[in-house]
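J.: For reference, the structure I am asking about is given below.
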Amino acid sequence: MLHFIRFFSGGGKPTILFRSAEGLGGHELEAGKRHRLAFSDKRACVGFRSPSSLAPCPNHAVNVKQCPACALLDISKAYTVGDFTGHPELYEKAKEEEYCLYLAGFGEDIIKCGVTRAERFEERMREQGADFGCMIASQKGPDGIYGAEAAIQARFNFANSVRMEQKMRRLDFDANLARENFKAAVEMVRGSGCLPDFSPKILELSAFYPRASCPQRAGFVDGKILGAKGEILLFEAEGGRQMAANMRQMIGLFFEPKEPYL
């Protein structure tokens, strides 16, 4: 069976990154096609991401998505909180890159403030399944921008992260109300004077996601793929039922593609 390492859809194609005896591979869940995946109950550590590769867990840890040793080695801290202590070579590269502070809107009521590299802004919004996004500041290199992120979060009570359960509950929402609330949040920051003035360019992302009306929760994949919203896979099951599967929950499991029943 294949080891489920990661799920991504920021480029528009829902894809499972897996590890097998032959190495790393990708299993694309093509929109409009029927897919069925058989998952095992076994879970094992996915390993860690280094600057050059995705390495398997050296301890062969089981019953966890990522063991503490691999979490310590993973480069994710460099890009999520700006901690480059474990990878100083990444810091030298980061100093030459453009970073941005952004707001992301989820449904009608959640506003997140985050940091990403400017060239990845739109992709980062789609990776998260955000409904709206707006850059509110940018600078060269990461120094200071993570402190600004924390300050903006604290001042305006914006979220630092959004749980998958919160995203699942906001698959259906009032788009007009969400748009107005997001615009108000952007203008509130702009008018506060706590950041250099900027011209808001709000990115609306609904066109990138499949339309789904009150989908049922699914702990499986079996049906015609509609697409994905971040790490939420949407598909049509038997009888035309629309389903939403939290693919983050599948990370670390083992799976096997099967011929669909439908």
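In the structure tokens, chains take the letters A, B, ... in the order shown, each chain's residues start at 1, and ligands count up from 1 in the order shown.
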Residues of segment 15-259 of chain A in strand (DSSP E) according to DSSP, as an MDAnalysis selection string?
T.: chainID A and resid 15:20 23:28 34:43 48:49 54:55 98:106 110:117 132:140 203:204 216:218 221:229 232:236 242:246 253:258
J.: At a cut-off of 8 Å, using only C-alpha atoms, what residues contact Ile136 of chain A? Leave out same-chain residues fewer than 6 positions from it and give the result as a list of chain:residue names.
T.: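 Using only C-alpha atoms, the neighbours found are A:Cys100, A:Leu101, A:Tyr102, A:Leu103, A:Val186, A:Arg190, A:Leu195, A:Phe198, A:Pro200.
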J.: Export, as a PDB file, in the first residue's frame, the selected residues with C-alpha atoms.
T.:
```pdb
ATOM      1  CA  CYS A 100       4.190  39.799   2.677  1.00  0.00           C
ATOM      2  CA  LEU A 101       1.789  40.180   5.565  1.00  0.00           C
ATOM      3  CA  TYR A 102      -1.740  39.202   4.526  1.00  0.00           C
ATOM      4  CA  LEU A 103      -5.314  38.856   5.659  1.00  0.00           C
ATOM      5  CA  VAL A 186      -8.974  45.320   5.505  1.00  0.00           C
ATOM      6  CA  ARG A 190      -5.579  50.358   6.757  1.00  0.00           C
ATOM      7  CA  LEU A 195       1.081  49.821   8.956  1.00  0.00           C
ATOM      8  CA  PHE A 198      -1.448  50.461   1.067  1.00  0.00           C
ATOM      9  CA  PRO A 200      -6.094  47.115  -1.013  1.00  0.00           C
TER      10      PRO A 200
END
```
J.: Rounded to one decimal in Å, what is the spacing between atom CA of Gln249 of chain A and atom CA of Gln153 of chain A?
T.: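 Taking atom CA of Gln249 of chain A as the start and atom CA of Gln153 of chain A as the end point, the length is 27.1 Å.
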J.: Write out as a PDB file with N, CA and C atoms, in the first residue's frame the residues lying within 9 Å of Phe18 of chain A, counting only C-alpha atoms and excluding same-chain residues fewer than 6 positions away.
T.:
```
ATOM      1  N   LEU A   2       0.271   2.390  -0.284  1.00  0.00           N
ATOM      2  CA  LEU A   2       0.976   3.657  -0.406  1.00  0.00           C
ATOM      3  C   LEU A   2       0.830   4.459   0.883  1.00  0.00           C
ATOM      4  N   HIS A   3       1.896   5.116   1.284  1.00  0.00           N
ATOM      5  CA  HIS A   3       1.892   5.892   2.526  1.00  0.00           C
ATOM      6  C   HIS A   3       1.519   7.336   2.200  1.00  0.00           C
ATOM      7  N   PHE A   4       0.409   7.803   2.740  1.00  0.00           N
ATOM      8  CA  PHE A   4      -0.137   9.143   2.492  1.00  0.00           C
ATOM      9  C   PHE A   4       0.732  10.161   3.239  1.00  0.00           C
ATOM     10  N   ILE A   5       1.471  10.988   2.487  1.00  0.00           N
ATOM     11  CA  ILE A   5       2.405  11.944   3.083  1.00  0.00           C
ATOM     12  C   ILE A   5       1.808  13.340   3.179  1.00  0.00           C
ATOM     13  N   ARG A   6       1.079  13.749   2.148  1.00  0.00           N
ATOM     14  CA  ARG A   6       0.577  15.121   2.109  1.00  0.00           C
ATOM     15  C   ARG A   6      -0.526  15.218   1.065  1.00  0.00           C
ATOM     16  N   PHE A   7      -1.444  16.159   1.276  1.00  0.00           N
ATOM     17  CA  PHE A   7      -2.467  16.458   0.281  1.00  0.00           C
ATOM     18  C   PHE A   7      -2.357  17.928  -0.088  1.00  0.00           C
ATOM     19  N   LEU A  24       8.990   8.539  -3.696  1.00  0.00           N
ATOM     20  CA  LEU A  24       7.857   9.456  -3.645  1.00  0.00           C
ATOM     21  C   LEU A  24       7.096   9.475  -4.962  1.00  0.00           C
ATOM     22  N   GLY A  25       5.790   9.669  -4.869  1.00  0.00           N
ATOM     23  CA  GLY A  25       4.966   9.765  -6.063  1.00  0.00           C
ATOM     24  C   GLY A  25       3.739  10.611  -5.782  1.00  0.00           C
ATOM     25  N   GLY A  26       2.959  10.886  -6.823  1.00  0.00           N
ATOM     26  CA  GLY A  26       1.741  11.672  -6.674  1.00  0.00           C
ATOM     27  C   GLY A  26       0.556  10.962  -7.291  1.00  0.00           C
ATOM     28  N   HIS A  27      -0.576  10.971  -6.588  1.00  0.00           N
ATOM     29  CA  HIS A  27      -1.806  10.381  -7.094  1.00  0.00           C
ATOM     30  C   HIS A  27      -2.821  11.496  -7.259  1.00  0.00           C
ATOM     31  N   PHE A 254      -2.164   4.590   5.304  1.00  0.00           N
ATOM     32  CA  PHE A 254      -1.784   3.861   4.090  1.00  0.00           C
ATOM     33  C   PHE A 254      -3.048   3.645   3.266  1.00  0.00           C
TER      34      PHE A 254
END
```
J.: Tell me which protein, DNA and RNA residues are within 6 Å of Val64 of chain A, counting only C-alpha atoms, leaving out same-chain ones fewer than 2 positions away, and put them as an NGL selection string.
T.: :A and (44-45 or 62 or 66)
J.: For Asn160 of chain A, please output as a list in words all residues within 10 Å (counting only C-alpha atoms; exclusion window: fewer than 5 positions along the same chain).
T.: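 Within the cut-off, the hits are Ile111, Lys112, Cys113, Gly114, Val115, Glu149, Ala150, Ile152, Gln153 and Ala154 of chain A.
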J.: Between A:Ile75, A:Leu17, A:Ala38, A:Ala31, which one has atoms that come closest to Ser52 of chain A, using only C-alpha atoms?
T.: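 Checking each candidate against Ser52 of chain A, we get A:Ile75 as the closest.
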J.: Atom CA of Met125 of chain A and atom CA of Gly10 of chain A are how many Å apart?
T.: 7.8 Å
J.: Do you have the atom CA of Glu123 of chain A-atom CA of Leu54 of chain A distance handy?
T.: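 Distance between the two atoms: 20.3 Å.
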J.: Need to verify the contact set: Glu231 of chain A, 10 Å, only C-alpha atoms, exclusion of same-chain residues closer than 5 positions in sequence. Can you return it as JSON, numbers by chain?
T.: {"A": [6, 7, 8, 9, 10, 14, 15, 126, 127, 128, 129, 164, 167, 168, 244, 245, 246, 247, 248, 249]}
J.: Those same residues - N, CA and C atoms - I'd like them written as a JSON list (two decimals), in the first residue's frame.
T.:
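Now in part-v3.json:
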```
[["chain", "number", "residue", "atom", "x", "y", "z"],
["A", 6, "ARG", "N", 1.08, 13.75, 2.15],
["A", 6, "ARG", "CA", 0.58, 15.12, 2.11],
["A", 6, "ARG", "C", -0.53, 15.22, 1.06],
["A", 7, "PHE", "N", -1.44, 16.16, 1.28],
["A", 7, "PHE", "CA", -2.47, 16.46, 0.28],
["A", 7, "PHE", "C", -2.36, 17.93, -0.09],
["A", 8, "PHE", "N", -2.38, 18.23, -1.37],
["A", 8, "PHE", "CA", -2.31, 19.63, -1.78],
["A", 8, "PHE", "C", -3.19, 19.87, -2.99],
["A", 9, "SER", "N", -3.68, 21.12, -3.08],
["A", 9, "SER", "CA", -4.55, 21.48, -4.20],
["A", 9, "SER", "C", -4.35, 22.92, -4.62],
["A", 10, "GLY", "N", -3.31, 23.57, -4.10],
["A", 10, "GLY", "CA", -3.08, 24.98, -4.40],
["A", 10, "GLY", "C", -2.89, 25.27, -5.88],
["A", 14, "PRO", "N", -6.28, 18.45, -7.13],
["A", 14, "PRO", "CA", -6.16, 17.71, -5.87],
["A", 14, "PRO", "C", -5.22, 16.52, -6.04],
["A", 15, "THR", "N", -4.19, 16.47, -5.23],
["A", 15, "THR", "CA", -3.15, 15.45, -5.39],
["A", 15, "THR", "C", -2.69, 14.93, -4.03],
["A", 126, "ARG", "N", -4.97, 29.60, -1.77],
["A", 126, "ARG", "CA", -5.69, 28.43, -2.27],
["A", 126, "ARG", "C", -5.32, 27.17, -1.48],
["A", 127, "GLU", "N", -4.07, 27.07, -1.04],
["A", 127, "GLU", "CA", -3.66, 25.94, -0.20],
["A", 127, "GLU", "C", -4.51, 25.87, 1.07],
["A", 128, "GLN", "N", -4.82, 27.04, 1.62],
["A", 128, "GLN", "CA", -5.57, 27.09, 2.87],
["A", 128, "GLN", "C", -7.08, 26.98, 2.65],
["A", 129, "GLY", "N", -7.52, 27.18, 1.41],
["A", 129, "GLY", "CA", -8.95, 27.19, 1.15],
["A", 129, "GLY", "C", -9.59, 28.50, 1.57],
["A", 164, "MET", "N", -9.30, 22.86, 10.71],
["A", 164, "MET", "CA", -10.04, 22.22, 9.61],
["A", 164, "MET", "C", -11.53, 22.14, 9.92],
["A", 167, "LYS", "N", -13.15, 25.28, 8.97],
["A", 167, "LYS", "CA", -13.28, 25.40, 7.52],
["A", 167, "LYS", "C", -14.42, 24.52, 7.00],
["A", 168, "MET", "N", -14.54, 23.33, 7.57],
["A", 168, "MET", "CA", -15.61, 22.42, 7.12],
["A", 168, "MET", "C", -16.99, 23.03, 7.39],
["A", 244, "ALA", "N", -17.87, 15.85, 1.57],
["A", 244, "ALA", "CA", -16.67, 16.62, 1.88],
["A", 244, "ALA", "C", -15.78, 15.79, 2.80],
["A", 245, "ALA", "N", -14.56, 15.52, 2.36],
["A", 245, "ALA", "CA", -13.62, 14.72, 3.14],
["A", 245, "ALA", "C", -12.46, 15.58, 3.60],
["A", 246, "ASN", "N", -12.18, 15.54, 4.90],
["A", 246, "ASN", "CA", -11.04, 16.24, 5.48],
["A", 246, "ASN", "C", -9.79, 15.41, 5.19],
["A", 247, "MET", "N", -9.03, 15.80, 4.18],
["A", 247, "MET", "CA", -7.88, 15.00, 3.76],
["A", 247, "MET", "C", -6.70, 15.14, 4.71],
["A", 248, "ARG", "N", -6.70, 16.18, 5.53],
["A", 248, "ARG", "CA", -5.62, 16.30, 6.51],
["A", 248, "ARG", "C", -5.68, 15.14, 7.51],
["A", 249, "GLN", "N", -6.90, 14.66, 7.79],
["A", 249, "GLN", "CA", -7.05, 13.54, 8.72],
["A", 249, "GLN", "C", -6.44, 12.25, 8.17]]
```
J.: From segment 20-242 of chain A, collect each residue whose DSSP state is alpha helix (DSSP H) and return the set as JSON, numbers by chain.
T.: {"A": [68, 69, 70, 71, 72, 73, 76, 77, 78, 79, 80, 88, 89, 90, 91, 92, 93, 94, 121, 122, 123, 124, 125, 126, 127, 128, 145, 146, 147, 148, 149, 150, 151, 152, 153, 154, 155, 156, 164, 165, 166, 167, 168, 169, 175, 176, 177, 178, 179, 180, 181, 182, 183, 184, 185, 186, 187, 188, 189, 190, 191, 192]}
J.: Tell me which protein, DNA and RNA residues are within 7 Å of Gln139 of chain A, counting only C-alpha atoms, leaving out same-chain ones fewer than 2 positions away, and put them as a ChimeraX atom specification.
T.: /A:98-100,141
